[in-house]
$ cat target-v7.txt   # compact mmCIF, C-alpha atoms
# COMPACT_ATOMS: atom_id res chain seq x y z
CA MET A 25 141.41 152.40 121.73
CA ASN A 26 144.51 153.11 119.67
CA PHE A 27 144.92 152.25 115.99
CA THR A 28 146.39 153.80 112.89
CA LEU A 29 145.07 154.17 109.37
CA LYS A 30 147.78 151.80 108.18
CA GLN A 31 146.66 149.13 110.62
CA LEU A 32 143.06 149.50 109.49
CA ARG A 33 144.11 149.24 105.85
CA TYR A 34 146.04 146.05 106.61
CA VAL A 35 143.06 144.53 108.44
CA GLU A 36 140.62 145.53 105.69
CA ALA A 37 142.84 144.03 102.99
CA ALA A 38 143.10 140.75 104.89
CA GLY A 39 139.34 140.59 105.34
CA ARG A 40 138.55 141.47 101.73
CA LEU A 41 141.07 139.05 100.25
CA GLY A 42 140.56 136.30 102.83
CA SER A 43 144.31 135.86 103.13
CA ILE A 44 147.12 137.43 105.12
CA ALA A 45 149.60 136.50 102.38
CA LYS A 46 147.53 138.15 99.64
CA ALA A 47 146.99 141.23 101.79
CA ALA A 48 150.74 141.51 102.34
CA VAL A 49 151.32 141.46 98.58
CA GLU A 50 148.60 144.04 97.89
CA VAL A 51 149.86 146.59 100.43
CA SER A 52 153.56 145.72 99.92
CA ILE A 53 154.29 144.83 103.53
CA SER A 54 155.40 141.70 105.37
CA GLN A 55 152.88 139.08 106.48
CA SER A 56 154.03 139.58 110.05
CA SER A 57 152.98 143.24 109.86
CA ILE A 58 149.49 142.21 108.69
CA THR A 59 149.26 139.69 111.50
CA ALA A 60 150.46 142.25 114.05
CA ALA A 61 147.83 144.76 112.90
CA ILE A 62 145.07 142.16 113.28
CA ASP A 63 146.33 141.10 116.71
CA ALA A 64 146.57 144.70 117.91
CA LEU A 65 143.06 145.61 116.76
CA GLU A 66 141.54 142.43 118.19
CA ALA A 67 143.24 143.09 121.53
CA SER A 68 141.96 146.66 121.54
CA LEU A 69 138.41 145.59 120.65
CA ASP A 70 138.46 142.59 122.98
CA TYR A 71 136.85 140.30 120.41
CA GLY A 72 138.03 138.28 117.44
CA LEU A 73 137.78 139.64 113.93
CA PHE A 74 138.82 136.50 112.09
CA VAL A 75 138.91 132.75 112.29
CA ARG A 76 142.35 131.71 111.05
CA THR A 77 142.64 128.29 109.45
CA PRO A 78 146.01 127.00 108.20
CA ALA A 79 146.10 126.66 104.41
CA LYS A 80 142.60 128.19 104.17
CA GLY A 81 143.30 131.79 105.02
CA VAL A 82 141.17 133.98 107.28
CA GLN A 83 137.39 134.23 107.53
CA PRO A 84 135.65 137.05 109.41
CA THR A 85 133.62 136.21 112.46
CA SER A 86 130.05 137.51 112.73
CA ALA A 87 131.28 140.54 114.68
CA GLY A 88 134.25 140.79 112.32
CA ARG A 89 132.00 141.20 109.28
CA GLU A 90 130.27 144.16 110.90
CA ALA A 91 133.59 145.64 111.98
CA LEU A 92 135.06 145.27 108.49
CA GLN A 93 132.17 147.20 106.96
CA LEU A 94 132.69 150.00 109.49
CA ILE A 95 136.42 149.97 108.73
CA ARG A 96 135.75 150.20 104.98
CA ASN A 97 133.40 153.12 105.46
CA PHE A 98 135.92 154.90 107.67
CA LEU A 99 138.81 154.32 105.26
CA ASN A 100 136.73 155.61 102.37
CA GLN A 101 135.84 158.76 104.33
CA ALA A 102 139.49 159.20 105.32
CA ARG A 103 140.62 158.91 101.71
CA GLN A 104 138.00 161.45 100.63
CA PHE A 105 139.13 163.78 103.41
CA GLU A 106 142.75 163.48 102.30
CA ALA A 107 141.83 164.19 98.68
CA GLU A 108 139.64 167.15 99.62
CA LEU A 109 142.35 168.56 101.88
CA GLN A 110 144.93 168.16 99.12
CA SER A 111 142.69 169.94 96.61
CA GLN A 112 142.41 173.08 98.76
CA GLY A 113 145.58 174.29 97.10
CA GLY A 114 143.53 174.84 93.95
CA ASP A 115 144.92 171.98 91.88
CA ASP A 116 143.02 168.90 90.79
CA ALA A 117 145.31 166.16 92.01
CA GLY A 118 145.32 162.77 93.60
CA LEU A 119 144.09 159.27 92.86
CA VAL A 120 140.68 158.58 91.33
CA ARG A 121 139.63 154.93 91.55
CA ILE A 122 137.24 153.80 88.83
CA ALA A 123 135.61 150.53 87.80
CA CYS A 124 134.10 149.81 84.40
CA TYR A 125 131.81 147.12 83.04
CA ALA A 126 134.36 144.87 81.37
CA THR A 127 132.67 144.47 77.97
CA ALA A 128 132.51 148.26 77.56
CA ALA A 129 135.99 149.11 78.84
CA PRO A 130 138.14 148.54 75.70
CA ALA A 131 136.05 150.86 73.51
CA PHE A 132 134.83 153.29 76.16
CA LEU A 133 137.73 154.06 78.48
CA PRO A 134 140.59 155.15 76.15
CA PRO A 135 139.09 158.54 75.12
CA ILE A 136 138.23 159.30 78.74
CA LEU A 137 141.66 158.42 80.09
CA ARG A 138 143.31 160.39 77.29
CA SER A 139 141.18 163.48 77.99
CA ILE A 140 141.72 163.35 81.76
CA THR A 141 145.49 162.96 81.31
CA ILE A 142 145.60 166.05 79.11
CA ASN A 143 143.21 168.28 81.04
CA PHE A 144 143.97 167.15 84.60
CA PRO A 145 147.62 166.05 84.65
CA GLY A 146 147.64 165.96 88.46
CA ILE A 147 145.01 163.22 88.57
CA SER A 148 146.17 159.61 88.60
CA ILE A 149 143.71 156.83 87.86
CA LYS A 150 143.37 153.27 89.12
CA VAL A 151 141.18 151.14 86.84
CA MET A 152 139.27 148.03 87.88
CA GLU A 153 136.85 146.05 85.75
CA GLY A 154 134.33 143.27 86.11
CA ASP A 155 130.74 142.29 85.46
CA MET A 156 127.94 144.60 86.58
CA MET A 157 127.47 142.80 89.89
CA SER A 158 131.13 142.86 90.89
CA ILE A 159 131.75 146.52 90.00
CA MET A 160 128.74 147.57 92.08
CA ASP A 161 130.25 145.60 94.96
CA TYR A 162 133.45 147.62 94.50
CA LEU A 163 131.44 150.81 94.86
CA ASN A 164 129.41 149.58 97.84
CA ASN A 165 132.59 148.46 99.62
CA GLY A 166 134.33 151.78 99.04
CA GLU A 167 137.01 150.22 96.84
CA VAL A 168 136.30 152.70 94.01
CA ASP A 169 134.98 156.25 93.76
CA LEU A 170 132.75 155.63 90.75
CA VAL A 171 131.71 152.97 88.29
CA PHE A 172 130.85 153.06 84.62
CA THR A 173 127.78 150.89 84.14
CA TYR A 174 124.19 150.78 82.90
CA ASP A 175 121.30 152.42 84.71
CA THR A 176 119.64 149.07 85.45
CA HIS A 177 119.90 147.38 88.86
CA LEU A 178 121.04 150.57 90.62
CA PRO A 179 119.96 150.84 94.27
CA ASP A 180 118.56 154.07 95.71
CA ALA A 181 121.84 154.65 97.55
CA GLN A 182 123.60 155.46 94.29
CA SER A 183 123.47 158.48 92.02
CA PHE A 184 123.70 158.20 88.23
CA GLU A 185 125.08 160.60 85.60
CA PRO A 186 123.94 159.47 82.11
CA LEU A 187 126.47 159.56 79.29
CA PHE A 188 124.76 157.90 76.33
CA ASP A 189 121.90 155.61 75.28
CA ALA A 190 123.08 152.12 74.39
CA PRO A 191 120.40 150.12 72.54
CA PRO A 192 121.14 146.42 71.94
CA TYR A 193 122.35 145.37 68.51
CA ALA A 194 123.22 142.12 66.75
CA LEU A 195 126.79 141.36 65.72
CA VAL A 196 126.50 138.93 62.79
CA PRO A 197 129.10 137.26 60.54
CA ALA A 198 129.84 139.42 57.51
CA SER A 199 129.66 136.32 55.32
CA GLU A 200 125.95 135.77 55.99
CA ALA A 201 123.27 137.27 53.75
CA ILE A 202 121.57 138.90 56.72
CA SER A 203 124.60 141.19 57.13
CA ALA A 204 123.47 143.09 53.99
CA GLN A 205 120.29 144.23 55.74
CA ASN A 206 119.98 147.67 57.31
CA SER A 207 118.47 146.18 60.47
CA VAL A 208 117.15 142.95 61.93
CA THR A 209 114.25 141.90 64.19
CA PHE A 210 114.19 139.66 67.26
CA ALA A 211 112.03 137.19 65.31
CA GLU A 212 114.70 136.93 62.61
CA LEU A 213 117.38 136.43 65.24
CA SER A 214 115.46 133.83 67.27
CA CYS A 215 115.83 131.17 64.54
CA ARG A 216 119.58 131.72 64.17
CA PRO A 217 122.37 130.26 66.36
CA MET A 218 123.18 132.66 69.20
CA ILE A 219 126.38 133.15 71.18
CA MET A 220 125.27 134.29 74.62
CA LEU A 221 127.32 136.71 76.71
CA ASP A 222 126.80 134.87 79.98
CA LEU A 223 127.42 137.42 82.74
CA PRO A 224 125.37 138.34 85.83
CA TYR A 225 122.39 140.54 84.82
CA THR A 226 123.52 140.49 81.17
CA ARG A 227 122.20 137.01 80.34
CA ASP A 228 118.81 137.73 81.95
CA TYR A 229 118.61 141.06 80.13
CA PHE A 230 119.20 139.54 76.69
CA LEU A 231 116.90 136.57 77.32
CA GLY A 232 114.22 138.98 78.53
CA LEU A 233 114.30 140.89 75.24
CA PHE A 234 113.17 137.74 73.44
CA LYS A 235 110.81 136.53 76.17
CA GLU A 236 108.75 139.72 76.24
CA ARG A 237 108.03 139.16 72.55
CA GLY A 238 107.05 135.54 73.02
CA LEU A 239 110.31 134.31 71.52
CA GLU A 240 113.20 132.14 72.65
CA PRO A 241 116.73 132.46 71.27
CA ASN A 242 118.64 129.46 69.94
CA VAL A 243 121.67 129.62 72.25
CA VAL A 244 124.42 127.35 70.91
CA HIS A 245 127.43 128.79 72.76
CA SER A 246 127.89 130.76 75.98
CA THR A 247 130.90 132.76 77.09
CA ARG A 248 131.78 135.26 79.81
CA SER A 249 134.08 137.15 77.45
CA ALA A 250 132.90 139.68 74.88
CA GLU A 251 136.15 139.16 72.99
CA ILE A 252 135.50 135.43 72.69
CA ALA A 253 131.91 136.10 71.63
CA LYS A 254 133.18 138.37 68.84
CA ALA A 255 135.76 135.76 67.81
CA LEU A 256 133.02 133.12 67.56
CA VAL A 257 130.94 135.46 65.41
CA GLU A 258 133.96 136.01 63.19
CA GLY A 259 134.33 132.23 62.97
CA GLU A 260 130.71 132.02 61.73
CA PHE A 261 129.41 130.09 64.76
CA GLY A 262 126.45 132.45 65.15
CA TYR A 263 125.54 135.98 66.18
CA THR A 264 125.77 137.72 69.53
CA LEU A 265 123.99 140.64 71.19
CA LEU A 266 125.92 143.61 72.56
CA ASN A 267 125.23 147.24 73.47
CA ILE A 268 128.58 148.92 72.74
CA ARG A 269 130.34 148.53 69.41
CA PRO A 270 133.71 146.74 69.25
CA ARG A 271 136.77 148.94 69.48
CA ASN A 272 137.97 150.21 66.09
CA TYR A 273 134.85 148.86 64.40
CA ILE A 274 134.15 150.18 60.88
CA THR A 275 131.00 149.69 58.80
CA THR A 276 133.02 148.00 56.05
CA ASP A 277 134.51 145.42 58.44
CA THR A 278 134.87 142.10 56.61
CA ARG A 279 134.66 139.97 59.78
CA TYR A 280 131.28 140.94 61.19
CA LYS A 281 128.50 143.49 60.84
CA ALA A 282 126.76 145.43 63.61
CA LEU A 283 123.03 145.48 62.85
CA PRO A 284 120.55 147.66 64.75
CA ILE A 285 117.48 145.77 65.99
CA TYR A 286 114.39 147.27 64.38
CA ASP A 287 111.88 146.30 67.07
CA SER A 288 114.06 147.01 70.09
CA SER A 289 112.25 149.04 72.73
CA GLU A 290 114.68 148.50 75.59
CA VAL A 291 117.29 151.26 75.59
CA PRO A 292 119.56 151.10 78.65
CA VAL A 293 121.62 154.17 79.49
CA PHE A 294 125.35 153.92 80.14
CA GLY A 295 126.85 156.35 82.61
CA ILE A 296 128.53 157.00 85.95
CA ALA A 297 127.26 155.61 89.25
CA THR A 298 128.48 157.07 92.55
CA ALA A 299 127.45 156.72 96.20
CA SER A 300 124.72 159.32 96.69
CA ASN A 301 125.38 159.80 100.40
CA VAL A 302 129.04 160.75 99.91
CA ARG A 303 130.45 164.15 98.99
CA GLN A 304 133.03 163.42 96.34
CA PRO A 305 136.52 164.99 96.57
CA LYS A 306 137.39 167.71 94.11
CA ASN A 307 139.46 165.46 91.87
CA VAL A 308 136.58 162.97 91.53
CA ARG A 309 134.14 165.79 90.74
CA SER A 310 136.58 167.08 88.12
CA PHE A 311 136.88 163.60 86.62
CA ILE A 312 133.10 163.35 86.32
CA ARG A 313 132.89 166.86 84.86
CA GLY A 314 135.47 165.85 82.25
CA CYS A 315 133.30 162.88 81.25
CA VAL A 316 130.22 165.08 80.96
CA GLU A 317 132.13 167.51 78.73
CA LEU A 318 133.07 164.61 76.46
CA ARG A 319 129.39 163.65 76.33
CA GLU A 320 128.45 167.17 75.27
CA LYS A 321 131.06 167.04 72.50
CA GLY A 322 129.60 163.78 71.15
CA ALA A 323 132.69 161.74 72.03
CA PHE A 324 130.59 158.64 72.73
CA ASP A 325 128.31 158.79 69.69
CA ALA A 326 130.36 156.25 67.71
CA LEU A 327 130.08 153.63 70.45
CA THR A 328 126.47 152.68 69.74
CA VAL A 329 124.40 151.23 66.93
CA SER A 330 120.96 152.63 66.16
CA ILE A 331 118.38 152.79 63.39
CA ASN A 332 119.20 155.55 60.92
CA PRO A 333 116.37 158.10 60.75
$ encode --input "target-v7.txt" --output "structure tokens"
Amino acid sequence: MNFTLKQLRYVEAAGRLGSIAKAAVEVSISQSSITAAIDALEASLDYGLFVRTPAKGVQPTSAGREALQLIRNFLNQARQFEAELQSQGGDDAGLVRIACYATAAPAFLPPILRSITINFPGISIKVMEGDMMSIMDYLNNGEVDLVFTYDTHLPDAQSFEPLFDAPPYALVPASEAISAQNSVTFAELSCRPMIMLDLPYTRDYFLGLFKERGLEPNVVHSTRSAEIAKALVEGEFGYTLLNIRPRNYITTDTRYKALPIYDSSEVPVFGIATASNVRQPKNVRSFIRGCVELREKGAFDALTVSINP
């Protein structure tokens, strides 16, 4: 059976995107080359990988789904081998693919990317973002080397490097009297209009904080965007719950106030998840080490809101 890494990458892209046209755009090659790679691999395997429907793209067959997972695993191992081989020259170099929980990315990623650029100039970074479910899919499918996420919902097949505790807090309009308080309770919040950040895992997490105290929040608006949630708070439509402070937030902000929650007992940890059964290339290990060094220097301390001792 003869195939090349390029052919496997073309086939994997078509399967992941469900479209030969989209795969061609992603890998910067002609559609005919994608089609030829699929045809060649199917002929070599002697079974079909995809069902091709005009105007509907390609869908993997039952055998194709299994083959695509094997292809992804092999491509990930090949990429790690290439990076490890490249690093034998002593330099930290090559591409590190990361994914970050989208609501945390604007405030969290800039200091990391700045530090890596300065300390490891040979490392290039590809950034993806999404909700907690989608970024874990990226990791499971081998599309990224690591993800920045919370320590909840992590399967045993993944390792976790903690970076900082991220207790929930309430973002309230600065115009409301409650913003003058030093903290707030879930009981106080439950009778106020709430803007829910409606993302997989996130909604259940926030609702659970009220439910375990016998309370129910008064959800008046829902959004999948943290930026829209903050805009609605600024517009005095209600409060929202978050774990990481808005970028460039200051305590004297006239738009909204970040209040710690006095009776919060749930403190998720934000950090780095990686596949535990994979030896990471040198450049990925260096990237993680750079993040840990930032943690030790307190670079993430300003990202969270907590009760002052």
$ closest_residue --input "target-v7.txt" --among "A:Phe234, A:Phe98, A:Phe144, A:Phe105" --to "Cys215 of chain A" --atoms "all atoms listed in the file"
A:Phe234
$ residues_around --input "target-v7.txt" --residues "Asn242 of chain A" --least-positions-apart "5" --cutoff "7 Å" --atoms "only C-alpha atoms" --output "short mmCIF file (atom, residue, chain, number, x, y, z; two decimals) with C-alpha atoms, keeping the file's coordinate frame"
data_model
loop_
_atom_site.label_atom_id
_atom_site.label_comp_id
_atom_site.auth_asym_id
_atom_site.auth_seq_id
_atom_site.Cartn_x
_atom_site.Cartn_y
_atom_site.Cartn_z
CA SER A 214 115.46 133.83 67.27
CA CYS A 215 115.83 131.17 64.54
CA ARG A 216 119.58 131.72 64.17
CA PRO A 217 122.37 130.26 66.36
CA MET A 218 123.18 132.66 69.20
#
$ residues_around --input "target-v7.txt" --residues "segment 81-83 of chain A" --least-positions-apart "4" --cutoff "10 Å" --atoms "all atoms listed in the file" --output "PyMOL selection string"
chain A and resi 38-46+73-77+88-89
$ atom_distance --input "target-v7.txt" --atom1 "atom CA of Asn272 of chain A" --atom2 "atom CA of Ser158 of chain A"
26.8 Å
$ residues_around --input "target-v7.txt" --residues "Ala37 of chain A" --least-positions-apart "3" --cutoff "8 Å" --atoms "only C-alpha atoms" --output "mmCIF file with C-alpha atoms, in the coordinates of the input"
data_model
loop_
_atom_site.group_PDB
_atom_site.id
_atom_site.type_symbol
_atom_site.label_atom_id
_atom_site.label_comp_id
_atom_site.auth_asym_id
_atom_site.auth_seq_id
_atom_site.Cartn_x
_atom_site.Cartn_y
_atom_site.Cartn_z
ATOM 1 C CA ARG A 33 144.110 149.240 105.850
ATOM 2 C CA TYR A 34 146.040 146.050 106.610
ATOM 3 C CA ARG A 40 138.550 141.470 101.730
ATOM 4 C CA LEU A 41 141.070 139.050 100.250
ATOM 5 C CA ALA A 47 146.990 141.230 101.790
ATOM 6 C CA GLU A 50 148.600 144.040 97.890
ATOM 7 C CA VAL A 51 149.860 146.590 100.430
#
$ atom_distance --input "target-v7.txt" --atom1 "atom CA of Gly72 of chain A" --atom2 "atom CA of Thr85 of chain A"
7.0 Å
$ residues_around --input "target-v7.txt" --residues "Ile219 of chain A" --least-positions-apart "4" --cutoff "8 Å" --atoms "all atoms listed in the file" --output "number ranges by chain"
A: 243-247, 253, 256-257, 261-265
$ write_last_selection --input "target-v7.txt" --atoms "C-alpha atoms" --output "PDB file, in the frame of the given file"
ATOM      1  CA  VAL A 243     121.670 129.620  72.250  1.00  0.00           C
ATOM      2  CA  VAL A 244     124.420 127.350  70.910  1.00  0.00           C
ATOM      3  CA  HIS A 245     127.430 128.790  72.760  1.00  0.00           C
ATOM      4  CA  SER A 246     127.890 130.760  75.980  1.00  0.00           C
ATOM      5  CA  THR A 247     130.900 132.760  77.090  1.00  0.00           C
ATOM      6  CA  ALA A 253     131.910 136.100  71.630  1.00  0.00           C
ATOM      7  CA  LEU A 256     133.020 133.120  67.560  1.00  0.00           C
ATOM      8  CA  VAL A 257     130.940 135.460  65.410  1.00  0.00           C
ATOM      9  CA  PHE A 261     129.410 130.090  64.760  1.00  0.00           C
ATOM     10  CA  GLY A 262     126.450 132.450  65.150  1.00  0.00           C
ATOM     11  CA  TYR A 263     125.540 135.980  66.180  1.00  0.00           C
ATOM     12  CA  THR A 264     125.770 137.720  69.530  1.00  0.00           C
ATOM     13  CA  LEU A 265     123.990 140.640  71.190  1.00  0.00           C
TER      14      LEU A 265
END
$ closest_residue --input "target-v7.txt" --among "A:Gly146, A:Phe132, A:Leu266, A:Tyr225" --to "Ala326 of chain A" --atoms "all atoms listed in the file"
A:Phe132
$ atom_distance --input "target-v7.txt" --atom1 "atom CA of Leu119 of chain A" --atom2 "atom CA of Lys150 of chain A"
7.1 Å
